[in-house]
Amino acid sequence: MANETQKVGTIHFPFPFTPYSIQEDFMAELYRVLEAGKIGIFESPTGTGKSLSLICGALSWLRDFEQKKREEEARLLETGTGPLHDEKDESLCLSSSCEGAAATPRPAGEPAWVTQFVQKKEERDLVDRLKAEQARRKQREERLQQLQHRARFKYAARRLRQEEEETEHLLRLSREMLETGPGAERPEQLESGEEELVLAEYESDEEKKAASGVDEDEDDLEEEHVTKIYYCSRTHSQLAQFVHEVKKSPFGKDVRLVSLGSRQNLCVNEDVKSLGSVQLINDRCVDMQRSRHEKKKGAEEERPKRRRQEKQAACPFYNHEQMGLLRDEALAEVKDIEQLLALGKEARACPYYGSRLAIPAAQLVVLPYQMLLHAATRQAAGIRLQEQVVIIDEAHNLIDTITGMHSVEVSGSQLCQAHSQLLQYMERYGKRLKAKNLMYLKQILYLLEKFVAVLGGNIKQNPNTQSLSQTGTELKTINDFLFQSQIDNINLFKVQRYCEKSMISRKLFGFTERYGAVLSSREQPKLAGFQQFLQSLQPRTTEAPADPADESQASAPRPASPLMHIEGFLAALTTANQDGRVILSRQGSLSQSTLKFLLLNPAVHFAQVVKECRAVVIAGGTMQPVSDFRQQLLACAGVEAERVVEFSCGHVIPPDNILPLVICSGISNQPLEFTFQKRELPQMMDEAGRILCNLCSVVPGGVVCFFPSYEYLRQVHGHWEKGGLLGRLAARKKIFQEPKSTHQVEQVLLAYSRCIQACGQERGGVTGALLLSVVGGKMSEGINFSDNLGRCVVMVGMPFPNIRSPELQEKMAYLDQTLPRAPGQAPPGKNLVENLCMKAVNQSIGRAIRHQKDFASIVLLDQRYARPPVLAKLPAWIRARVEVKATFGPAIAAVQKFHREKSASS
C-alpha cells in the first residue's frame, strides 16, 4: 500500500495509508506533548490503529527534532561561535552534544575581559564537541550504509576466523588444565569441579573500591547517546507486533531500531540457556563475564589464591569484534528479537550484549516494561533516560506492574530449605572459608532463623508437618517488622550487598545440585539427613490442585535455589522507605505461611523516570478511569498537574454499531445486584441463567460471558447443571469454559471458533457458541473476539476486588492519608476499589469490537452500573451510547432488534 504524507496543521505525518481523522488528532496531540516535554495519557480503543499513530507521530517529531538540531549545529560550525542558549529552541541544547555547554555563572564584579575570555573558550569547546559528534555521526552513517548494501558479504571470512580463534582457545584451555593438574596443592580432597562452589575471599565495598562487573572494552565501545524514543510494552508478542508495524510504516527503512530482551530470551550459549531459571542464567552469565575480566587482569596481579577462578571458561559468544558487527547489523535494518537471536547464532556473537551496544546510536529502542521501570535493570542494560522520550504502551496495568515488580513473597518452606542448605554448605566447606565469609554466612543463617520464628515456627523442624499455634494475617511497617523479628541489630544493607557480590545463592545451588551424585560414598552418611529433608519438602501428590488463575505461573521455571528468592526479599527491605509494609500470613502449617513485602507507593519508582525524561507517554486501548494515573502515579511522583495532558479518542466504528445496555432487573423482576452477599442466592444464579438463555436465543454467533471470579463461575455452573439451565443453554449455543491452564487456551479458542463457523454454515437449533470466562482471567486481555466470535459480551455483576484483603485495606488507608479528598467525591481509598473494578470491566468488554466494520452488543447485568459515578468510568465511546433498562422486556427487545438489523445489513 502506497505511503501518504498527511499534513496536520504545519506538521507532515508520513502514513502507510489515509489515516482516520482520530489518528490525525492522536498524532498531532502526541507531537505537541513531545515538543512541549509533557506527560501524556493517551487512550485509543483497540481497532483504531493506535500502534501506527504512535509510530508515525513520535518518529515525525524525532525527524523534525533531529533536523532542527542539525541546522543549529551547521549554523554554529559555520560561524564558529554562537549563543550558548537559544530561547526559542532551548530544548536543542539538551542533547548529548550540548551537555555541560551552558555558560558557567560568573562571580559578581569579575573583570569584563575574564568573562569574555571564559565565554569564548566555552563557545570554542562547544564547536569542538559539535565537530567531534558530527564526525562520529558521519562515520556511523557510512558504516550502516555500507552494511545495508552488502550486509552479509563479510560473514564467511569472519566465521572462519572465529572458528580458528575458538580452536586456539580450546587448546589454551587444555594447556591450562594440564598445568594445574594433579600436582597442584589442595587444602582438602575435593571432587573435580567442586572448587568453583567455594566462596572466594570477600572484601566489602569499603575495603575494596575497584569497579565490579564492568569490562573496559565496553567503555571503549560506548558512544554518546543520541535523542531517542524508548517504547515499552508488557509481553514479548506485543513488542514483536510493534516492530512488525514499524517495518510496515514509512519509517521502516530509515529508522535505527534495536529490540532489547532478557538473557533468557537472547542467550545463544546453550550451556547457559539450559539452566532454565532466569536467575541462574543471569548469575552464570555475569559470572562468566567476571571470570573473563579477572583473567584479563591476571598478568598484572598476583596469582589468585583459588584455582577455581581459572576453571570457569569465558563465554565464547562474548567477542567484541563480533558484537560490534551484530550491533551494526541490528541498526542497519529493523529486526525483532527472533531475528536478532538468529543473527547472533549466525555471527557467533551475544545478542544480549550486542543489542546493548546498539542503544546509544539507536533512534527507537523497543523493550519490556520491567527493563525500563526497574532502576537496577535499567542501569545494567545501559539505558539512559536523561532528556529522552519514553512511550509506555498497554499501560492500563502500569500501577499494578510497578507494585508487583517491587513486591516479594517468601514461604516458610523456602526459609527452612535455604537454612538447611546453607548449614550443610558450611559443614562441607567451613575449613576452607575465610573469617569474613563465615561471619556473613552466620548472619544469613540468623536472619533465616528469625524470619521463621516471627511466623511462629521452628527452623529445626519440618515445615510441612509443623502446625502453628496462631493463624491469621498481620501487617507491619518495615521498622516494626525488624524489631519484632529481633534483627534490628543486623546491618541488612551489608548482608544484601554480600549476597550480591559473593553470589552465594549460585554457589549454594551448585552444591545442592551435585551433593548426592558427586560426593564420594564416604561423605553420603554426613548428608543423608539433608537429602531426606529436601525430599520431605517436595510437593505431596495429595495436595489440592492449584487455582486456575495461578496455574500459568506453576508451569514457569522457578528459582532453583530458595536463597535466590529470599535475597529479593532482603533487597526489598533495604530499598524500602516509609511506603513499604511487611505482611505476615500465618496459615495452618509453616510451609504454607509467608512473609510478603508490599509496596504501597509505586510512584517512588516511577518518579525517576518522569524526572529524567524529556517527555513520557502512557498509552492504552482502555485507560479509564484516568484518575488512578493522575493521583497514584503522577501526583505522588511530584508531577505538576499542568504538565499532564489527557487525550481520548472515539472509536472508528459508527456509533450505531454498538449497543451497550445496563439491565437493572431480571425476567421475574428480581433486582440484579450481584453483591458478595447476594450473588450466591439461588434466585440470583437462576436469574442470570434465564437472561443468558434469552440472549443466546436472539444473538447470532458467539456470546462471551464474564464472571467476577473462578470460584463464582464454578458455583454458577454447578447450580445451572443441577437445575437444568445448562441443558437449555446448550440447546441454543455450544458451551465452552475458560480452561484451567494457559497451554489449553489456544485449543479452546480454536474449538470455539470452529463451532461458530460451522453453525454459520448450517442452519439448525444451535446458532453458535457460548464462552464462560472470568474477569482478569485468560480471556479478558489480549484475546480477539472480532466479528462472529463476539457478537455479545455479557458481564455478570461487578468484579470488585476482595475488600477483606489486608493488602487492599492497607493501600486504601495509605491513599486516604496521602491523597486529598476531592469535594463531593468518595474517599481516595473507596475510589481505588471502584477504579480497580471498572478497569477490569473495561478490559473485558473491549474484547468484542476489534475493527471499523465490527458490531456487538454489551450487556451489563447489575443495577449498580446505572449509577452516574460508575457510568463515568466507562470508555467514552461506550459511555455515550449506554442505555439503562429498568426491566428485562425492553432490554431483550432492543438486543433482538439490533442484531436483526445488523445481520441483515452485513
# chains A, B, ... in the order shown; residues from 1 in each chain; ligands from 1
$ residues_around --residues "range 53-70 of chain A" --least-positions-apart "2" --cutoff "8 Å" --atoms "only C-alpha atoms" --output "short mmCIF file (atom, residue, chain, number, x, y, z; two decimals) with all heavy atoms, in the first residue's frame"
data_model
loop_
_atom_site.label_atom_id
_atom_site.label_comp_id
_atom_site.auth_asym_id
_atom_site.auth_seq_id
_atom_site.Cartn_x
_atom_site.Cartn_y
_atom_site.Cartn_z
N HIS A 12 3.96 17.55 8.94
CA HIS A 12 3.76 16.49 7.95
C HIS A 12 3.95 15.14 8.62
O HIS A 12 5.00 14.86 9.19
CB HIS A 12 4.74 16.66 6.79
CG HIS A 12 4.49 17.89 5.97
ND1 HIS A 12 3.63 17.92 4.88
CD2 HIS A 12 4.97 19.15 6.11
CE1 HIS A 12 3.60 19.14 4.38
NE2 HIS A 12 4.41 19.92 5.10
N PHE A 13 2.94 14.28 8.53
CA PHE A 13 3.00 12.93 9.11
C PHE A 13 2.96 11.89 7.99
O PHE A 13 1.89 11.67 7.40
CB PHE A 13 1.81 12.69 10.05
CG PHE A 13 1.82 13.54 11.29
CD1 PHE A 13 0.98 14.63 11.41
CD2 PHE A 13 2.67 13.24 12.35
CE1 PHE A 13 0.98 15.41 12.54
CE2 PHE A 13 2.68 14.01 13.49
CZ PHE A 13 1.83 15.10 13.60
N PRO A 14 4.09 11.26 7.68
CA PRO A 14 4.04 10.15 6.72
C PRO A 14 3.18 9.02 7.29
O PRO A 14 3.25 8.72 8.49
CB PRO A 14 5.50 9.71 6.60
CG PRO A 14 6.29 10.87 7.10
CD PRO A 14 5.44 11.53 8.14
N PHE A 15 2.36 8.38 6.47
CA PHE A 15 1.45 7.32 6.92
C PHE A 15 1.30 6.31 5.79
O PHE A 15 1.30 6.69 4.61
CB PHE A 15 0.09 7.93 7.31
CG PHE A 15 -0.58 7.24 8.46
CD1 PHE A 15 -0.14 7.46 9.76
CD2 PHE A 15 -1.62 6.35 8.26
CE1 PHE A 15 -0.74 6.83 10.83
CE2 PHE A 15 -2.24 5.72 9.33
CZ PHE A 15 -1.80 5.96 10.62
N GLN A 23 -6.89 9.30 14.10
CA GLN A 23 -5.45 9.05 14.07
C GLN A 23 -4.68 10.35 13.83
O GLN A 23 -3.62 10.57 14.41
CB GLN A 23 -5.11 8.02 12.99
CG GLN A 23 -5.56 6.61 13.33
CD GLN A 23 -5.22 5.62 12.23
OE1 GLN A 23 -5.56 5.83 11.07
NE2 GLN A 23 -4.54 4.55 12.59
N GLU A 24 -5.23 11.22 12.97
CA GLU A 24 -4.60 12.52 12.75
C GLU A 24 -4.59 13.34 14.04
O GLU A 24 -3.58 13.96 14.39
CB GLU A 24 -5.34 13.28 11.65
CG GLU A 24 -5.20 12.64 10.27
CD GLU A 24 -5.99 13.39 9.21
OE1 GLU A 24 -6.86 14.22 9.60
OE2 GLU A 24 -5.73 13.17 8.02
N PHE A 26 -4.71 12.13 17.07
CA PHE A 26 -3.80 11.43 18.00
C PHE A 26 -2.36 11.87 17.72
O PHE A 26 -1.61 12.25 18.64
CB PHE A 26 -3.95 9.92 17.81
CG PHE A 26 -3.20 9.08 18.79
CD1 PHE A 26 -3.87 8.37 19.79
CD2 PHE A 26 -1.82 8.95 18.74
CE1 PHE A 26 -3.18 7.58 20.69
CE2 PHE A 26 -1.12 8.17 19.63
CZ PHE A 26 -1.81 7.47 20.62
N MET A 27 -1.94 11.82 16.44
CA MET A 27 -0.56 12.15 16.08
C MET A 27 -0.24 13.62 16.39
O MET A 27 0.85 13.92 16.89
CB MET A 27 -0.31 11.85 14.60
CG MET A 27 -0.30 10.37 14.27
SD MET A 27 0.19 10.01 12.56
CE MET A 27 -1.20 10.65 11.63
N ALA A 28 -1.18 14.49 16.09
CA ALA A 28 -0.95 15.92 16.35
C ALA A 28 -0.78 16.19 17.84
O ALA A 28 0.11 16.94 18.26
CB ALA A 28 -2.10 16.74 15.77
N LEU A 30 0.10 13.98 20.16
CA LEU A 30 1.34 13.32 20.58
C LEU A 30 2.54 14.20 20.26
O LEU A 30 3.45 14.37 21.08
CB LEU A 30 1.46 11.96 19.89
CG LEU A 30 2.74 11.17 20.14
CD1 LEU A 30 2.87 10.80 21.62
CD2 LEU A 30 2.77 9.89 19.29
N TYR A 31 2.56 14.76 19.06
CA TYR A 31 3.65 15.64 18.64
C TYR A 31 3.77 16.83 19.59
O TYR A 31 4.88 17.19 20.01
CB TYR A 31 3.37 16.12 17.21
CG TYR A 31 4.54 16.80 16.52
CD1 TYR A 31 5.27 16.14 15.53
CD2 TYR A 31 4.90 18.11 16.82
CE1 TYR A 31 6.33 16.75 14.88
CE2 TYR A 31 5.95 18.73 16.19
CZ TYR A 31 6.66 18.05 15.21
OH TYR A 31 7.71 18.67 14.57
N LEU A 34 5.31 15.77 22.98
CA LEU A 34 6.76 15.54 22.90
C LEU A 34 7.52 16.85 22.74
O LEU A 34 8.58 17.04 23.35
CB LEU A 34 7.09 14.59 21.74
CG LEU A 34 6.43 13.21 21.77
CD1 LEU A 34 6.97 12.34 20.65
CD2 LEU A 34 6.64 12.52 23.11
N GLU A 35 6.97 17.74 21.95
CA GLU A 35 7.64 19.03 21.72
C GLU A 35 7.67 19.86 22.99
O GLU A 35 8.67 20.51 23.31
CB GLU A 35 6.92 19.78 20.60
CG GLU A 35 7.57 21.09 20.20
CD GLU A 35 8.91 20.91 19.49
OE1 GLU A 35 9.25 19.78 19.08
OE2 GLU A 35 9.63 21.92 19.37
N GLY A 49 -6.02 1.71 15.27
CA GLY A 49 -4.68 1.94 14.73
C GLY A 49 -3.76 2.70 15.66
O GLY A 49 -2.98 3.55 15.24
N LYS A 50 -3.83 2.36 16.95
CA LYS A 50 -3.03 3.07 17.96
C LYS A 50 -1.53 2.92 17.70
O LYS A 50 -0.78 3.91 17.80
CB LYS A 50 -3.39 2.55 19.35
CG LYS A 50 -2.46 3.03 20.47
CD LYS A 50 -3.00 2.70 21.83
CE LYS A 50 -3.25 1.21 22.00
NZ LYS A 50 -1.98 0.45 22.16
N SER A 51 -1.07 1.72 17.38
CA SER A 51 0.37 1.49 17.20
C SER A 51 0.94 2.34 16.08
O SER A 51 1.99 2.99 16.23
CB SER A 51 0.64 0.01 16.92
OG SER A 51 0.31 -0.77 18.04
N GLU A 72 20.97 23.83 13.61
CA GLU A 72 21.63 24.63 14.65
C GLU A 72 23.13 24.34 14.68
O GLU A 72 23.95 25.26 14.80
CB GLU A 72 20.99 24.33 16.01
CG GLU A 72 21.62 25.05 17.19
CD GLU A 72 21.38 26.54 17.18
OE1 GLU A 72 20.58 27.02 16.34
OE2 GLU A 72 22.01 27.24 17.99
N GLU A 73 23.49 23.06 14.55
CA GLU A 73 24.92 22.69 14.52
C GLU A 73 25.61 23.33 13.33
O GLU A 73 26.72 23.85 13.44
CB GLU A 73 25.05 21.16 14.45
CG GLU A 73 24.74 20.45 15.74
CD GLU A 73 24.83 18.94 15.60
OE1 GLU A 73 25.14 18.47 14.48
OE2 GLU A 73 24.59 18.24 16.59
N ALA A 74 24.95 23.26 12.16
CA ALA A 74 25.55 23.83 10.95
C ALA A 74 25.78 25.33 11.12
O ALA A 74 26.82 25.87 10.70
CB ALA A 74 24.65 23.56 9.75
N LEU A 92 16.97 22.16 22.14
CA LEU A 92 18.00 21.57 21.29
C LEU A 92 19.32 21.44 22.04
O LEU A 92 20.12 20.57 21.76
CB LEU A 92 18.22 22.43 20.04
CG LEU A 92 17.00 22.55 19.10
CD1 LEU A 92 17.34 23.43 17.92
CD2 LEU A 92 16.54 21.18 18.65
N LYS A 228 16.46 9.78 21.63
CA LYS A 228 15.77 8.58 21.15
C LYS A 228 14.43 8.42 21.83
O LYS A 228 14.10 9.11 22.79
CB LYS A 228 16.64 7.34 21.36
CG LYS A 228 16.89 7.00 22.81
CD LYS A 228 17.71 5.73 22.93
CE LYS A 228 19.20 6.01 23.00
NZ LYS A 228 19.86 6.48 21.84
N ILE A 229 13.67 7.44 21.32
CA ILE A 229 12.38 7.09 21.88
C ILE A 229 12.48 5.67 22.43
O ILE A 229 12.86 4.74 21.70
CB ILE A 229 11.27 7.17 20.81
CG1 ILE A 229 11.11 8.61 20.32
CG2 ILE A 229 9.95 6.64 21.36
CD1 ILE A 229 10.33 8.73 19.03
N VAL A 246 6.33 -1.15 12.76
CA VAL A 246 7.36 -0.19 12.37
C VAL A 246 7.89 -0.52 10.98
O VAL A 246 8.08 0.38 10.14
CB VAL A 246 8.53 -0.18 13.39
CG1 VAL A 246 9.68 0.68 12.89
CG2 VAL A 246 8.06 0.32 14.75
N SER A 249 5.59 0.72 8.38
CA SER A 249 5.40 2.17 8.36
C SER A 249 6.35 2.83 7.37
O SER A 249 7.34 2.23 6.93
CB SER A 249 5.63 2.74 9.76
OG SER A 249 7.02 2.86 10.02
N PRO A 250 6.10 4.11 7.01
CA PRO A 250 7.01 4.83 6.11
C PRO A 250 8.41 5.02 6.69
O PRO A 250 9.34 5.35 5.96
CB PRO A 250 6.31 6.20 5.94
CG PRO A 250 4.89 5.95 6.26
CD PRO A 250 4.88 4.89 7.31
N PHE A 251 8.57 4.81 8.00
CA PHE A 251 9.88 4.97 8.64
C PHE A 251 10.66 3.66 8.68
O PHE A 251 11.79 3.63 9.17
CB PHE A 251 9.70 5.49 10.07
CG PHE A 251 9.08 6.86 10.15
CD1 PHE A 251 7.70 7.02 10.25
CD2 PHE A 251 9.87 8.00 10.11
CE1 PHE A 251 7.12 8.27 10.31
CE2 PHE A 251 9.30 9.27 10.18
CZ PHE A 251 7.92 9.40 10.27
#
$ closest_atom_pairs --of "range 806-851 of chain A" --to "range 702-721 of chain A" --cutoff "12 Å" --atoms "only C-alpha atoms" --output "tab-separated table"
residue	atom	partner	partner_atom	distance
A:Cys837	CA	A:Pro708	CA	9.5
A:Met838	CA	A:Pro708	CA	11.7
A:Ala840	CA	A:Pro708	CA	9.5
A:Val841	CA	A:Phe706	CA	9.1
A:Asn842	CA	A:Phe706	CA	11.7
A:Gln843	CA	A:Phe706	CA	11.1
A:Ser844	CA	A:Phe706	CA	7.6
A:Ile845	CA	A:Phe706	CA	8.9
A:Gly846	CA	A:Val704	CA	11.5
A:Arg847	CA	A:Val704	CA	9.1
A:Ala848	CA	A:Val704	CA	8.7
$ residues_around --residues "range 479-490 of chain A" --least-positions-apart "3" --cutoff "8 Å" --atoms "only C-alpha atoms" --output "PyMOL selection string"
chain A and resi 443+447+450-451+453-454+476+582
$ closest_residue --among "A:His236, A:Arg263, A:Arg506, A:Lys897" --to "Met564 in chain A" --atoms "only C-alpha atoms"
A:Arg506
$ residues_around --residues "Cys792 in chain A" --least-positions-apart "4" --cutoff "6 Å" --atoms "only C-alpha atoms" --output "ChimeraX atom specification"
/A:703,856-858
$ select_by_dssp --residues "range 627-701 of chain A" --states "alpha helix (DSSP H)" --output "list in words"
Ser627, Asp628, Pro682, Gln683, Met684, Met685, Asp686, Glu687, Ala688, Gly689, Arg690, Ile691, Leu692, Cys693, Asn694, Leu695, Cys696, Ser697 and Val698 of chain A
$ write_last_selection --atoms "N, CA and C atoms" --output "PDB file, in the first residue's frame"
ATOM      1  N   SER A 627      -8.110   8.775  36.668  1.00  0.00           N
ATOM      2  CA  SER A 627      -7.758   9.393  37.955  1.00  0.00           C
ATOM      3  C   SER A 627      -6.677   8.614  38.696  1.00  0.00           C
ATOM      4  N   ASP A 628      -6.642   7.294  38.520  1.00  0.00           N
ATOM      5  CA  ASP A 628      -5.597   6.490  39.172  1.00  0.00           C
ATOM      6  C   ASP A 628      -4.207   6.912  38.716  1.00  0.00           C
ATOM      7  N   PRO A 682     -29.769 -18.730  45.276  1.00  0.00           N
ATOM      8  CA  PRO A 682     -30.251 -19.497  44.122  1.00  0.00           C
ATOM      9  C   PRO A 682     -31.025 -18.649  43.122  1.00  0.00           C
ATOM     10  N   GLN A 683     -31.876 -17.729  43.633  1.00  0.00           N
ATOM     11  CA  GLN A 683     -32.678 -16.926  42.704  1.00  0.00           C
ATOM     12  C   GLN A 683     -31.822 -16.004  41.843  1.00  0.00           C
ATOM     13  N   MET A 684     -30.660 -15.526  42.393  1.00  0.00           N
ATOM     14  CA  MET A 684     -29.775 -14.665  41.599  1.00  0.00           C
ATOM     15  C   MET A 684     -29.088 -15.467  40.497  1.00  0.00           C
ATOM     16  N   MET A 685     -28.627 -16.680  40.827  1.00  0.00           N
ATOM     17  CA  MET A 685     -27.976 -17.520  39.820  1.00  0.00           C
ATOM     18  C   MET A 685     -28.972 -17.960  38.754  1.00  0.00           C
ATOM     19  N   ASP A 686     -30.206 -18.267  39.181  1.00  0.00           N
ATOM     20  CA  ASP A 686     -31.256 -18.642  38.219  1.00  0.00           C
ATOM     21  C   ASP A 686     -31.555 -17.478  37.272  1.00  0.00           C
ATOM     22  N   GLU A 687     -31.648 -16.267  37.829  1.00  0.00           N
ATOM     23  CA  GLU A 687     -31.969 -15.089  37.020  1.00  0.00           C
ATOM     24  C   GLU A 687     -30.899 -14.863  35.951  1.00  0.00           C
ATOM     25  N   ALA A 688     -29.644 -14.999  36.354  1.00  0.00           N
ATOM     26  CA  ALA A 688     -28.544 -14.830  35.392  1.00  0.00           C
ATOM     27  C   ALA A 688     -28.638 -15.878  34.291  1.00  0.00           C
ATOM     28  N   GLY A 689     -28.965 -17.123  34.661  1.00  0.00           N
ATOM     29  CA  GLY A 689     -29.075 -18.191  33.667  1.00  0.00           C
ATOM     30  C   GLY A 689     -30.211 -17.956  32.692  1.00  0.00           C
ATOM     31  N   ARG A 690     -31.382 -17.514  33.192  1.00  0.00           N
ATOM     32  CA  ARG A 690     -32.527 -17.275  32.323  1.00  0.00           C
ATOM     33  C   ARG A 690     -32.265 -16.119  31.350  1.00  0.00           C
ATOM     34  N   ILE A 691     -31.608 -15.052  31.860  1.00  0.00           N
ATOM     35  CA  ILE A 691     -31.261 -13.921  30.989  1.00  0.00           C
ATOM     36  C   ILE A 691     -30.315 -14.379  29.881  1.00  0.00           C
ATOM     37  N   LEU A 692     -29.337 -15.193  30.249  1.00  0.00           N
ATOM     38  CA  LEU A 692     -28.365 -15.679  29.273  1.00  0.00           C
ATOM     39  C   LEU A 692     -29.043 -16.559  28.219  1.00  0.00           C
ATOM     40  N   CYS A 693     -30.015 -17.372  28.644  1.00  0.00           N
ATOM     41  CA  CYS A 693     -30.768 -18.211  27.701  1.00  0.00           C
ATOM     42  C   CYS A 693     -31.484 -17.338  26.671  1.00  0.00           C
ATOM     43  N   ASN A 694     -32.112 -16.287  27.140  1.00  0.00           N
ATOM     44  CA  ASN A 694     -32.829 -15.385  26.229  1.00  0.00           C
ATOM     45  C   ASN A 694     -31.872 -14.662  25.278  1.00  0.00           C
ATOM     46  N   LEU A 695     -30.744 -14.229  25.790  1.00  0.00           N
ATOM     47  CA  LEU A 695     -29.757 -13.558  24.932  1.00  0.00           C
ATOM     48  C   LEU A 695     -29.227 -14.504  23.864  1.00  0.00           C
ATOM     49  N   CYS A 696     -28.952 -15.746  24.265  1.00  0.00           N
ATOM     50  CA  CYS A 696     -28.427 -16.731  23.315  1.00  0.00           C
ATOM     51  C   CYS A 696     -29.460 -17.064  22.230  1.00  0.00           C
ATOM     52  N   SER A 697     -30.724 -16.828  22.510  1.00  0.00           N
ATOM     53  CA  SER A 697     -31.776 -17.108  21.518  1.00  0.00           C
ATOM     54  C   SER A 697     -31.826 -16.043  20.426  1.00  0.00           C
ATOM     55  N   VAL A 698     -31.423 -14.815  20.756  1.00  0.00           N
ATOM     56  CA  VAL A 698     -31.560 -13.728  19.781  1.00  0.00           C
ATOM     57  C   VAL A 698     -30.229 -13.234  19.219  1.00  0.00           C
TER      58      VAL A 698
END
$ atom_distance --atom1 "CA of Glu409 in chain A" --atom2 "CA of Gly568 in chain A"
8.8 Å
$ residues_around --residues "range 318-327 of chain A" --least-positions-apart "4" --cutoff "7 Å" --atoms "only C-alpha atoms" --output "VMD selection string"
chain A and resid 331 344 347 349 to 350 354 to 355 357 to 358
$ atom_distance --atom1 "CA of Asn788 in chain A" --atom2 "CA of Ile892 in chain A"
19.2 Å
$ closest_residue --among "A:Leu815, A:Leu570, A:Leu239, A:Leu475" --to "Gln631 in chain A" --atoms "only C-alpha atoms"
A:Leu815
$ residues_around --residues "range 861-876 of chain A" --least-positions-apart "2" --cutoff "6 Å" --atoms "only C-alpha atoms" --output "list of chain:residue names"
A:Gln624, A:Pro625, A:Ile663, A:Cys664, A:Leu672, A:Glu673, A:Met795, A:Val796, A:Gly797, A:Ile878, A:Arg879
$ residues_around --residues "Arg586 in chain A" --least-positions-apart "4" --cutoff "6 Å" --atoms "only C-alpha atoms" --output "PyMOL selection string"
chain A and resi 471-472+593
$ closest_residue --among "A:Leu860, A:Met798, A:Val389, A:Ala641" --to "Val617 in chain A" --atoms "only C-alpha atoms"
A:Val389
$ atom_distance --atom1 "CA of Tyr814 in chain A" --atom2 "CA of Ala572 in chain A"
18.8 Å
$ decode --residues "range 346-397 of chain A" --atoms "C-alpha atoms" --output "short mmCIF file (atom, residue, chain, number, x, y, z; two decimals), in the first residue's frame"
data_model
loop_
_atom_site.label_atom_id
_atom_site.label_comp_id
_atom_site.auth_asym_id
_atom_site.auth_seq_id
_atom_site.Cartn_x
_atom_site.Cartn_y
_atom_site.Cartn_z
CA GLU A 346 24.94 -16.93 12.76
CA ALA A 347 27.60 -14.40 13.75
CA ARG A 348 28.57 -16.28 16.93
CA ALA A 349 28.02 -13.06 18.87
CA CYS A 350 25.95 -12.45 22.01
CA PRO A 351 22.64 -10.75 21.07
CA TYR A 352 22.07 -9.70 24.70
CA TYR A 353 25.24 -7.63 24.94
CA GLY A 354 25.30 -6.80 21.21
CA SER A 355 21.87 -5.17 21.41
CA ARG A 356 23.02 -3.16 24.45
CA LEU A 357 25.90 -1.77 22.38
CA ALA A 358 23.35 -0.52 19.84
CA ILE A 359 21.41 1.58 22.37
CA PRO A 360 23.49 4.80 22.15
CA ALA A 361 23.11 5.18 18.36
CA ALA A 362 19.52 3.85 18.14
CA GLN A 363 16.61 6.18 17.47
CA LEU A 364 13.94 3.75 18.67
CA VAL A 365 14.57 1.22 21.46
CA VAL A 366 11.91 -1.45 21.96
CA LEU A 367 11.95 -3.18 25.34
CA PRO A 368 9.75 -4.85 28.01
CA TYR A 369 8.18 -2.91 30.90
CA GLN A 370 10.43 -4.43 33.54
CA MET A 371 13.66 -3.40 31.86
CA LEU A 372 12.69 0.26 31.85
CA LEU A 373 10.74 0.53 35.09
CA HIS A 374 13.24 -1.27 37.35
CA ALA A 375 16.16 1.06 38.13
CA ALA A 376 18.85 -1.64 38.63
CA THR A 377 17.83 -3.47 35.43
CA ARG A 378 17.75 -0.18 33.54
CA GLN A 379 21.25 0.68 34.71
CA ALA A 380 22.60 -2.78 33.91
CA ALA A 381 21.19 -2.57 30.37
CA GLY A 382 22.90 0.76 29.73
CA ILE A 383 19.63 2.69 29.38
CA ARG A 384 19.95 6.43 29.97
CA LEU A 385 16.72 8.37 30.29
CA GLN A 386 18.09 11.90 30.57
CA GLU A 387 16.16 14.08 28.10
CA GLN A 388 14.85 11.03 26.21
CA VAL A 389 11.27 10.15 25.28
CA VAL A 390 9.51 7.17 26.87
CA ILE A 391 6.31 5.61 25.49
CA ILE A 392 4.63 3.01 27.71
CA ASP A 393 2.01 1.12 25.70
CA GLU A 394 -0.67 -1.25 27.01
CA ALA A 395 -0.35 0.78 30.20
CA HIS A 396 -3.73 0.03 31.78
CA ASN A 397 -1.99 -2.22 34.34
#
